[in-house]
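Asks: Quick one, model_33.txt (compact mmCIF, C-alpha atoms and all ligand atoms):
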# COMPACT_ATOMS: atom_id res chain seq x y z
CA MET A 1 0.45 -13.03 17.65
CA TYR A 2 -2.28 -10.37 17.79
CA ARG A 3 -2.21 -7.65 20.39
CA VAL A 4 -5.26 -5.70 21.45
CA VAL A 5 -4.80 -1.94 21.61
CA GLU A 6 -7.28 0.67 22.71
CA ILE A 7 -8.01 3.70 20.56
CA GLU A 8 -7.03 6.65 22.74
CA GLU A 9 -7.91 9.53 20.45
CA ILE A 10 -9.39 10.00 16.96
CA ILE A 11 -8.68 13.07 14.83
CA LYS A 12 -10.60 13.81 11.65
CA GLU A 13 -7.87 15.03 9.30
CA THR A 14 -9.80 15.38 6.03
CA PRO A 15 -13.32 14.43 4.85
CA THR A 16 -12.01 10.87 4.17
CA ILE A 17 -9.01 10.39 6.52
CA LYS A 18 -9.03 9.86 10.28
CA THR A 19 -6.04 9.36 12.59
CA PHE A 20 -6.36 6.77 15.36
CA PHE A 21 -3.91 7.14 18.27
CA PHE A 22 -3.03 4.18 20.49
CA ARG A 23 -0.26 2.94 22.80
CA ASP A 24 1.88 -0.08 21.97
CA GLU A 25 5.29 -1.36 23.04
CA THR A 26 6.63 -2.10 19.55
CA GLN A 27 9.33 0.07 17.94
CA PRO A 28 8.50 0.48 14.25
CA SER A 29 10.66 2.40 11.82
CA PRO A 30 9.21 4.88 9.27
CA GLY A 31 7.65 3.05 6.34
CA GLN A 32 6.84 -0.14 8.25
CA PHE A 33 3.24 -1.34 8.52
CA TYR A 34 0.92 -3.32 10.77
CA MET A 35 -1.97 -5.64 9.95
CA ILE A 36 -5.19 -4.41 11.59
CA TRP A 37 -7.85 -7.04 12.21
CA LEU A 38 -11.43 -6.00 12.84
CA PRO A 39 -13.08 -9.29 13.86
CA GLY A 40 -15.97 -10.27 11.60
CA VAL A 41 -15.10 -7.58 9.05
CA ASP A 42 -11.62 -7.60 7.50
CA GLU A 43 -7.88 -7.48 8.06
CA PHE A 44 -5.80 -4.92 6.19
CA PRO A 45 -2.32 -3.34 6.16
CA MET A 46 -1.75 0.15 7.55
CA SER A 47 1.44 2.18 7.82
CA ILE A 48 2.41 3.79 11.06
CA SER A 49 1.77 7.54 10.79
CA TYR A 50 3.07 8.61 14.23
CA ILE A 51 5.96 6.89 16.00
CA GLY A 52 6.69 7.37 19.68
CA GLU A 53 5.10 6.52 22.95
CA ARG A 54 1.79 7.30 21.29
CA LYS A 55 1.49 5.73 17.86
CA ALA A 56 -1.14 6.18 15.18
CA PHE A 57 -2.64 4.96 11.96
CA SER A 58 -4.07 7.52 9.53
CA VAL A 59 -6.77 5.71 7.59
CA LYS A 60 -8.49 6.70 4.37
CA LEU A 61 -12.03 5.45 3.92
CA VAL A 62 -11.89 3.11 0.92
CA GLY A 63 -14.07 0.01 1.41
CA GLU A 64 -15.64 -2.28 3.98
CA GLY A 65 -12.73 -2.56 6.43
CA THR A 66 -11.81 1.09 6.49
CA ARG A 67 -15.51 2.06 6.73
CA LYS A 68 -15.79 -0.04 9.89
CA MET A 69 -12.59 1.54 11.20
CA HIS A 70 -14.04 5.02 10.60
CA SER A 71 -17.15 4.04 12.61
CA LEU A 72 -15.07 3.23 15.72
CA SER A 73 -14.92 5.53 18.76
CA GLU A 74 -12.29 6.43 21.33
CA GLY A 75 -12.07 3.53 23.81
CA ASP A 76 -12.81 0.90 21.14
CA ARG A 77 -10.23 -1.81 20.47
CA LEU A 78 -8.12 -2.90 17.50
CA TRP A 79 -6.39 -6.25 16.99
CA ILE A 80 -2.99 -5.62 15.45
CA ARG A 81 0.13 -7.57 14.46
CA GLY A 82 3.44 -6.18 13.30
CA PRO A 83 5.43 -4.09 12.62
CA TYR A 84 6.22 -5.72 9.31
CA GLY A 85 8.26 -5.04 6.20
CA ARG A 86 11.25 -2.93 5.28
CA GLY A 87 10.93 0.78 5.95
CA PHE A 88 12.76 3.74 4.46
CA VAL A 89 16.56 3.86 4.50
CA GLU A 90 17.71 7.24 5.84
CA LYS A 91 20.50 8.59 3.65
CA ASN A 92 22.63 11.64 4.14
CA LYS A 93 21.50 13.28 0.90
CA LYS A 94 19.52 16.43 0.10
CA ALA A 95 15.98 15.08 0.23
CA LEU A 96 12.62 15.90 -1.28
CA PHE A 97 9.63 14.09 0.24
CA VAL A 98 6.60 13.68 -2.02
CA GLY A 99 3.35 12.42 -0.51
CA GLY A 100 0.12 12.05 -2.43
CA GLY A 101 -3.25 11.63 -0.65
CA SER A 102 -3.08 9.12 2.20
CA GLY A 103 0.53 8.36 1.17
CA MET A 104 1.50 11.24 3.46
CA ALA A 105 0.58 8.96 6.39
CA THR A 106 3.46 6.64 5.49
CA LEU A 107 5.99 9.42 4.83
CA ALA A 108 5.25 11.65 7.83
CA PRO A 109 7.34 9.85 10.51
CA LEU A 110 10.31 9.81 8.12
CA ILE A 111 9.95 13.52 7.38
CA GLU A 112 10.00 14.23 11.13
CA ARG A 113 13.29 12.34 11.50
CA MET A 114 15.12 13.84 8.53
CA ARG A 115 15.82 17.20 6.94
CA GLY A 116 14.44 18.14 3.53
CA ASP A 117 11.63 19.85 1.64
CA VAL A 118 8.14 18.42 1.42
CA VAL A 119 5.55 18.22 -1.36
CA ILE A 120 2.03 17.44 -0.17
CA ALA A 121 -0.37 16.62 -2.98
CA ALA A 122 -4.06 15.79 -3.16
CA ARG A 123 -7.01 16.07 -5.50
CA THR A 124 -8.43 19.09 -3.64
CA LYS A 125 -7.38 21.29 -0.72
CA GLU A 126 -9.77 19.48 1.65
CA GLU A 127 -7.84 16.22 1.12
CA LEU A 128 -4.36 17.62 1.91
CA LEU A 129 -3.00 15.55 4.80
CA PHE A 130 -0.67 16.97 7.50
CA LYS A 131 -0.09 20.34 5.84
CA ARG A 132 0.50 21.96 9.26
CA ARG A 133 2.43 19.08 10.84
CA PHE A 134 6.00 19.90 9.77
CA LYS A 135 7.66 22.89 11.40
CA ASN A 136 10.65 24.90 10.16
CA ARG A 137 10.83 23.57 6.65
CA ARG A 138 9.62 24.31 3.18
CA VAL A 139 6.26 22.67 2.42
CA TYR A 140 4.95 22.88 -1.15
CA ILE A 141 1.31 22.13 -1.92
CA ALA A 142 -0.12 20.73 -5.15
CA THR A 143 -3.79 20.10 -5.88
CA ASP A 144 -5.19 18.57 -9.04
CA ASP A 145 -8.01 21.15 -9.15
CA GLY A 146 -5.85 24.13 -8.17
CA SER A 147 -7.91 24.82 -5.01
CA GLU A 148 -4.63 25.35 -3.09
CA GLY A 149 -0.99 25.74 -4.10
CA PHE A 150 0.30 24.54 -7.46
CA ARG A 151 -2.46 23.51 -9.89
CA GLY A 152 -1.54 20.14 -11.32
CA PHE A 153 0.00 16.80 -10.47
CA ALA A 154 2.72 16.29 -7.88
CA HIS A 155 5.31 15.17 -10.44
CA GLU A 156 4.79 18.38 -12.44
CA LEU A 157 5.54 20.46 -9.34
CA VAL A 158 8.56 18.25 -8.61
CA GLU A 159 9.92 18.91 -12.11
CA ARG A 160 9.69 22.66 -11.42
CA LEU A 161 11.36 22.32 -8.03
CA LEU A 162 14.20 20.32 -9.58
CA GLU A 163 14.96 23.28 -11.86
CA GLU A 164 15.75 25.43 -8.81
CA ASN A 165 17.05 22.93 -6.24
CA GLU A 166 19.79 20.32 -6.15
CA TYR A 167 17.90 17.47 -4.56
CA GLU A 168 19.78 14.18 -4.43
CA ILE A 169 17.01 11.81 -3.33
CA ILE A 170 13.22 11.60 -3.53
CA TYR A 171 11.25 9.70 -0.89
CA THR A 172 7.70 9.05 -2.00
CA CYS A 173 4.40 7.36 -1.18
CA GLY A 174 1.07 7.92 -2.89
CA PRO A 175 -0.94 6.95 -5.96
CA GLU A 176 0.94 4.44 -8.06
CA LEU A 177 0.87 6.55 -11.22
CA MET A 178 2.41 9.46 -9.31
CA MET A 179 5.21 7.23 -8.02
CA ARG A 180 5.79 5.77 -11.52
CA LYS A 181 6.26 9.32 -12.88
CA LEU A 182 8.63 10.21 -10.05
CA ILE A 183 10.69 7.06 -10.63
CA ASP A 184 10.95 7.95 -14.34
CA ILE A 185 12.05 11.49 -13.40
CA ALA A 186 14.64 10.12 -10.96
CA ILE A 187 16.02 7.74 -13.59
CA GLU A 188 16.17 10.50 -16.22
CA ARG A 189 17.92 12.97 -13.91
CA GLY A 190 20.17 10.51 -12.10
CA LEU A 191 18.57 11.08 -8.69
CA ASP A 192 18.21 8.46 -6.01
CA ILE A 193 14.64 7.45 -5.05
CA GLN A 194 12.82 5.27 -2.54
CA ALA A 195 9.10 4.49 -2.89
CA SER A 196 6.63 2.78 -0.59
CA LEU A 197 4.39 0.51 -2.68
CA GLU A 198 0.91 -0.88 -2.13
CA ARG A 199 -0.55 -4.20 -3.16
CA LEU A 200 -3.47 -6.19 -1.79
CA MET A 201 -2.18 -8.12 1.21
CA LYS A 202 -3.54 -11.17 2.93
CA CYS A 203 -0.87 -12.72 5.17
CA GLY A 204 1.48 -9.72 5.44
CA ILE A 205 4.41 -12.05 6.17
CA GLY A 206 5.56 -13.46 2.83
CA ILE A 207 3.48 -16.65 2.57
CA CYS A 208 0.50 -16.10 0.24
CA ASP A 209 2.11 -14.20 -2.67
CA SER A 210 -0.98 -11.98 -3.10
CA CYS A 211 1.20 -8.86 -2.90
CA SER A 212 3.75 -9.83 -5.53
CA ILE A 213 5.06 -7.43 -8.15
CA ASN A 214 7.64 -8.58 -10.69
CA GLY A 215 8.76 -11.37 -8.36
CA TYR A 216 9.04 -9.18 -5.24
CA ARG A 217 6.64 -9.53 -2.30
CA VAL A 218 5.65 -6.07 -1.13
CA CYS A 219 5.02 -7.28 2.44
CA VAL A 220 8.51 -8.65 3.11
CA ASP A 221 10.79 -7.32 0.34
CA GLY A 222 9.11 -3.89 0.76
CA PRO A 223 6.86 -2.02 1.12
CA VAL A 224 9.71 0.48 0.65
CA PHE A 225 11.93 -0.30 -2.33
CA GLU A 226 15.14 1.37 -3.42
CA LYS A 227 15.92 2.63 -6.90
CA ASP A 228 17.82 -0.40 -8.19
CA ILE A 229 14.77 -2.61 -7.61
CA LEU A 230 12.18 -0.01 -8.67
CA ILE A 231 13.94 0.20 -12.03
CA GLU A 232 13.27 -3.53 -12.57
CA MET A 233 9.55 -3.26 -11.76
CA SER A 234 7.95 -3.08 -15.18
CA ASP A 235 4.46 -3.70 -13.66
CA LEU A 236 4.63 -0.60 -11.46
CA GLY A 237 2.04 1.91 -12.68
CA ARG A 238 0.77 -0.60 -15.26
CA TYR A 239 -0.50 -3.80 -13.61
CA THR A 240 -1.75 -4.75 -10.17
CA ARG A 241 -3.29 -7.94 -8.72
CA ASP A 242 -6.95 -8.55 -7.89
CA ARG A 243 -8.26 -10.46 -4.86
CA ALA A 244 -7.81 -13.78 -6.70
CA GLY A 245 -4.16 -12.93 -7.37
CA ARG A 246 -4.71 -12.35 -11.10
CA ARG A 247 -2.46 -9.76 -12.77
CA VAL A 248 -4.81 -7.01 -14.05
CA PRO A 249 -4.17 -3.62 -15.72
CA LEU A 250 -4.27 -0.70 -13.27
C1 LIG B 1 1.99 -1.53 3.20
C2 LIG B 1 0.70 -0.78 3.11
C3 LIG B 1 0.50 0.34 3.89
C4 LIG B 1 -0.70 1.05 3.82
N1 LIG B 1 -0.84 2.15 4.59
C5 LIG B 1 -1.97 2.86 4.53
C6 LIG B 1 -2.14 4.03 5.33
O1 LIG B 1 -1.25 4.43 6.09
N2 LIG B 1 -3.30 4.70 5.23
C7 LIG B 1 -4.33 4.28 4.40
O2 LIG B 1 -5.36 4.93 4.37
N3 LIG B 1 -4.19 3.19 3.62
C8 LIG B 1 -3.04 2.46 3.67
N4 LIG B 1 -2.91 1.34 2.90
C9 LIG B 1 -4.04 0.91 2.04
C10 LIG B 1 -5.07 0.12 2.86
O3 LIG B 1 -4.49 -1.10 3.27
C11 LIG B 1 -6.31 -0.16 2.02
O4 LIG B 1 -6.95 1.05 1.70
C12 LIG B 1 -7.27 -1.04 2.79
O5 LIG B 1 -6.79 -2.35 2.82
C13 LIG B 1 -8.64 -1.06 2.16
O6 LIG B 1 -9.43 -1.95 2.92
P1 LIG B 1 -11.00 -1.92 2.83
O7 LIG B 1 -11.50 -3.21 3.46
O8 LIG B 1 -11.56 -0.67 3.36
O9 LIG B 1 -11.28 -1.88 1.30
P2 LIG B 1 -11.55 -3.12 0.37
O10 LIG B 1 -13.03 -3.32 0.35
O11 LIG B 1 -10.67 -4.25 0.75
O12 LIG B 1 -11.03 -2.55 -1.01
C14 LIG B 1 -11.60 -1.37 -1.60
C15 LIG B 1 -10.87 -1.11 -2.90
O13 LIG B 1 -9.48 -0.78 -2.63
C16 LIG B 1 -8.61 -1.71 -3.27
N5 LIG B 1 -7.51 -2.01 -2.36
C17 LIG B 1 -7.59 -2.55 -1.14
N6 LIG B 1 -6.38 -2.68 -0.59
C18 LIG B 1 -5.49 -2.21 -1.49
C19 LIG B 1 -4.08 -2.08 -1.53
N7 LIG B 1 -3.31 -2.47 -0.52
N8 LIG B 1 -3.53 -1.55 -2.63
C20 LIG B 1 -4.28 -1.17 -3.67
N9 LIG B 1 -5.62 -1.25 -3.70
C21 LIG B 1 -6.22 -1.78 -2.63
C22 LIG B 1 -9.46 -2.93 -3.55
O14 LIG B 1 -9.03 -3.65 -4.68
C23 LIG B 1 -10.83 -2.32 -3.83
O15 LIG B 1 -10.93 -1.84 -5.13
C24 LIG B 1 -1.73 0.62 2.94
C25 LIG B 1 -1.53 -0.51 2.13
C26 LIG B 1 -0.33 -1.20 2.20
C27 LIG B 1 -0.12 -2.40 1.34
S1 LIG B 2 0.66 -10.49 1.73
FE1 LIG B 2 1.05 -12.63 1.67
S2 LIG B 2 3.00 -12.71 0.66
FE2 LIG B 2 2.64 -10.59 0.92
Rewrite the coordinates I just gave you, this time as structure tokens.
Ligand SMILES: Cc1cc2nc3c(=O)[nH]c(=O)nc-3n(C[C@H](O)[C@H](O)[C@H](O)COP(=O)(O)OP(=O)(O)OC[C@H]3O[C@@H](n4cnc5c(N)ncnc54)[C@H](O)[C@@H]3O)c2cc1C
Ligand code: FES
Replies:
Amino acid sequence: MYRVVEIEEIIKETPTIKTFFFRDETQPSPGQFYMIWLPGVDEFPMSISYIGERKAFSVKLVGEGTRKMHSLSEGDRLWIRGPYGRGFVEKNKKALFVGGGSGMATLAPLIERMRGDVVIAARTKEELLFKRRFKNRRVYIATDDGSEGFRGFAHELVERLLEENEYEIIYTCGPELMMRKLIDIAIERGLDIQASLERLMKCGIGICDSCSINGYRVCVDGPVFEKDILIEMSDLGRYTRDRAGRRVPL
């Protein structure tokens, strides 16, 4: 079930994120993910960040697997399986896209297919991902340290934007606490919301239960969840699961 793909081009996006372009026959939809296997190292889930004839993963350096990935060169090979999971549902509503850190990798193909304003957030300006990728639309920047754009957290900027704009839906991916805040804002203001969630994954296909959150398996029931289910997820932003599957505070 694995396919071998060759890395065609690597782009260093930020000090910690690189984009790896490759060619593959599969037809993923925005928000879906693949499992990347680096033999002898690790296997991990990665969203598709470019969809088309040339596809890509945009990978943040986090631990052992992603460090190995960052050490690869053009011409090296990846073992992949997928696409897996449920992606975003495109709705005909006035949209605001909110991506934090590497979460922009997951949102970017959706943004390119839809209309709507974009919030790109990161800790510092160096870590802003894809700030020049989207043409002919309003892109708002937020940085925690104020080095570019709005100084503060993404949800604080969103609250300001909601005072001046009649958005009907928020599409988001990023740090869990950011998404928790956005879900609370959406509930309070009666907006629709879809969020792409992350949990440790092993099988990626619904067998091992390592990715479960409040009875939902992120790999097959998600990773993108709609508002009616997000509302039920009391663990979101509060508890995650460790490698042994234990429920631990975030
Ligand atoms: C559906 C999905 C899509 C993803 N898409 C992207 C993407 O497009 N770009 C990107 O950079 N990253 C993405 N990730 C996160 C990525 O899978 C992890 O960063 C990666 O598995 C880390 O592997 P590692 O071996 O380098 O780190 P490890 O050594 O395995 O882990 C390092 C640290 O990160 C934590 N961690 C690992 N995986 C996860 C996870 N899934 N959720 C929360 N914490 C985790 C570990 O507990 C540990 O503390 C995605 C995750 C999921 C579930
Ligand atoms: S990763 Fe195994 S059930 Fe989701």
Asks: Just how far from atom CA of A:Leu72 is atom CA of A:Val5, in Å to one decimal?
Replies: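 Between atom CA of A:Val5 and atom CA of A:Leu72 the gap is 12.9 Å.
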Asks: Give me, as number ranges by chain, all polymer residues having an atom no more than 10 Å from A:Met114, counting only C-alpha atoms and skipping those fewer than 4 positions away in the same chain.
Replies: A: 90-95, 97, 109-110
Asks: Keeping only C-alpha atoms, write the selected residues to a file as a PDB file, in the frame of the given file.
Replies:
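Saved the output as result-v4.pdb:
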ATOM      1  CA  GLU A  90      17.710   7.240   5.840  1.00  0.00           C
ATOM      2  CA  LYS A  91      20.500   8.590   3.650  1.00  0.00           C
ATOM      3  CA  ASN A  92      22.630  11.640   4.140  1.00  0.00           C
ATOM      4  CA  LYS A  93      21.500  13.280   0.900  1.00  0.00           C
ATOM      5  CA  LYS A  94      19.520  16.430   0.100  1.00  0.00           C
ATOM      6  CA  ALA A  95      15.980  15.080   0.230  1.00  0.00           C
ATOM      7  CA  PHE A  97       9.630  14.090   0.240  1.00  0.00           C
ATOM      8  CA  PRO A 109       7.340   9.850  10.510  1.00  0.00           C
ATOM      9  CA  LEU A 110      10.310   9.810   8.120  1.00  0.00           C
TER      10      LEU A 110
END
Asks: Rank nothing, just name the residue among A:Met69, A:Ile17, A:Leu96, A:Ile36 nearest to A:Asn165, using only C-alpha atoms.
Replies: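 Using only C-alpha atoms, A:Asn165 sits closest to A:Leu96.
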Asks: Distance table requested - chain A against ligand LIG 1 (chain B), cut-off 8 Å, all atoms listed in the file: one row per qualifying residue with the closest atom pair and its distance in Å to one decimal, ordered by chain and rising residue number, as CSV.
Replies:
residue,atom,partner,partner_atom,distance
A:Ile17,CA,B:LIG1,O2,6.9
A:Gly31,CA,B:LIG1,C1,7.9
A:Gln32,CA,B:LIG1,C1,7.1
A:Phe33,CA,B:LIG1,C1,5.5
A:Tyr34,CA,B:LIG1,C3,7.8
A:Val41,CA,B:LIG1,O7,8.0
A:Asp42,CA,B:LIG1,O7,6.0
A:Glu43,CA,B:LIG1,O7,7.2
A:Phe44,CA,B:LIG1,O5,4.4
A:Pro45,CA,B:LIG1,O3,4.3
A:Met46,CA,B:LIG1,N1,3.7
A:Ser47,CA,B:LIG1,O1,3.9
A:Ile48,CA,B:LIG1,O1,6.2
A:Ser49,CA,B:LIG1,O1,6.4
A:Phe57,CA,B:LIG1,O1,6.1
A:Ser58,CA,B:LIG1,N2,5.2
A:Val59,CA,B:LIG1,O2,3.6
A:Lys60,CA,B:LIG1,O2,3.6
A:Leu61,CA,B:LIG1,O8,6.2
A:Val62,CA,B:LIG1,O8,4.5
A:Gly63,CA,B:LIG1,O8,3.3
A:Glu64,CA,B:LIG1,O7,4.3
A:Gly65,CA,B:LIG1,O7,3.3
A:Thr66,CA,B:LIG1,O8,3.6
A:Arg67,CA,B:LIG1,O8,5.9
A:Lys68,CA,B:LIG1,O8,7.8
A:Gly85,CA,B:LIG1,C1,7.8
A:Ser102,CA,B:LIG1,O2,5.2
A:Gly103,CA,B:LIG1,O1,6.5
A:Met104,CA,B:LIG1,O1,7.8
A:Ala105,CA,B:LIG1,O1,4.9
A:Thr106,CA,B:LIG1,O1,5.2
A:Ser196,CA,B:LIG1,C1,7.4
A:Leu197,CA,B:LIG1,C1,6.7
A:Glu198,CA,B:LIG1,C27,3.9
A:Arg199,CA,B:LIG1,N8,4.0
A:Leu200,CA,B:LIG1,N7,3.9
A:Met201,CA,B:LIG1,N7,6.0
A:Cys211,CA,B:LIG1,C27,7.8
A:Val218,CA,B:LIG1,C1,7.3
A:Cys219,CA,B:LIG1,C1,6.5
A:Gly222,CA,B:LIG1,C1,7.9
A:Pro223,CA,B:LIG1,C1,5.3
A:Thr240,CA,B:LIG1,C20,7.8
A:Asp242,CA,B:LIG1,O14,6.2
A:Arg243,CA,B:LIG1,O14,6.9
Asks: Residues contacting ligand LIG 2 (chain B) - anything with an atom at most 7 Å away, using all atoms listed in the file - can you give me those as a PyMOL selection string?
Replies: chain A and resi 200-212+217-220
Asks: What's the separation between atom CA of A:Phe134 and atom CA of A:Val118, in Å to one decimal place?
Replies: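 Answer for the atom CA of A:Phe134 to atom CA of A:Val118 separation: 8.7 Å.
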Asks: Using all atoms listed in the file for the distances, tell me which of A:Glu188, A:Phe22, A:Glu168, A:Ile193 is nearest to A:Glu74.
Replies: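 So, comparing all the options, the nearest one is A:Phe22.
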Asks: Distance atom CA of A:Ile170-atom CA of A:Arg81, one decimal place?
Replies: 29.4 Å
Asks: Which is closest to A:Tyr167 among A:Glu127, A:Glu148, A:Asp117, A:Glu112, if we use all atoms listed in the file?
Replies: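 Of A:Glu127, A:Glu148, A:Asp117, A:Glu112, the one nearest A:Tyr167 is A:Asp117, counting all atoms listed in the file.
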Asks: Kindly list the centre and edge lengths in Å, rounded to one decimal, for the axis-aligned box that covers all listed atoms of stretch 192-195 of chain A plus 5 Å on each of its six sides, as JSON.
Replies:
{"center_x": 13.7, "center_y": 6.5, "center_z": -4.3, "size_x": 19.1, "size_y": 14.0, "size_z": 13.5}
Asks: Given all atoms listed in the file as the basis, pick out the residue of A:Ile185, A:Val98, A:Arg138, A:Lys125 nearest to A:Tyr171.
Replies: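 Of all the options, A:Val98 lies closest to A:Tyr171.
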Asks: Here is a test: counting all atoms listed in the file, which residue of A:Ala154, A:Ile51, A:Ile213, A:Ala56 is nearest to A:Pro28?
Replies: A:Ile51
Asks: Rank nothing, just name the residue among A:Ala108, A:Ala186, A:Ile10, A:Met179 nearest to A:Leu162, using all atoms listed in the file.
Replies: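 Going through A:Ala108, A:Ala186, A:Ile10, A:Met179 one by one, the smallest distance to A:Leu162 is for A:Ala186.
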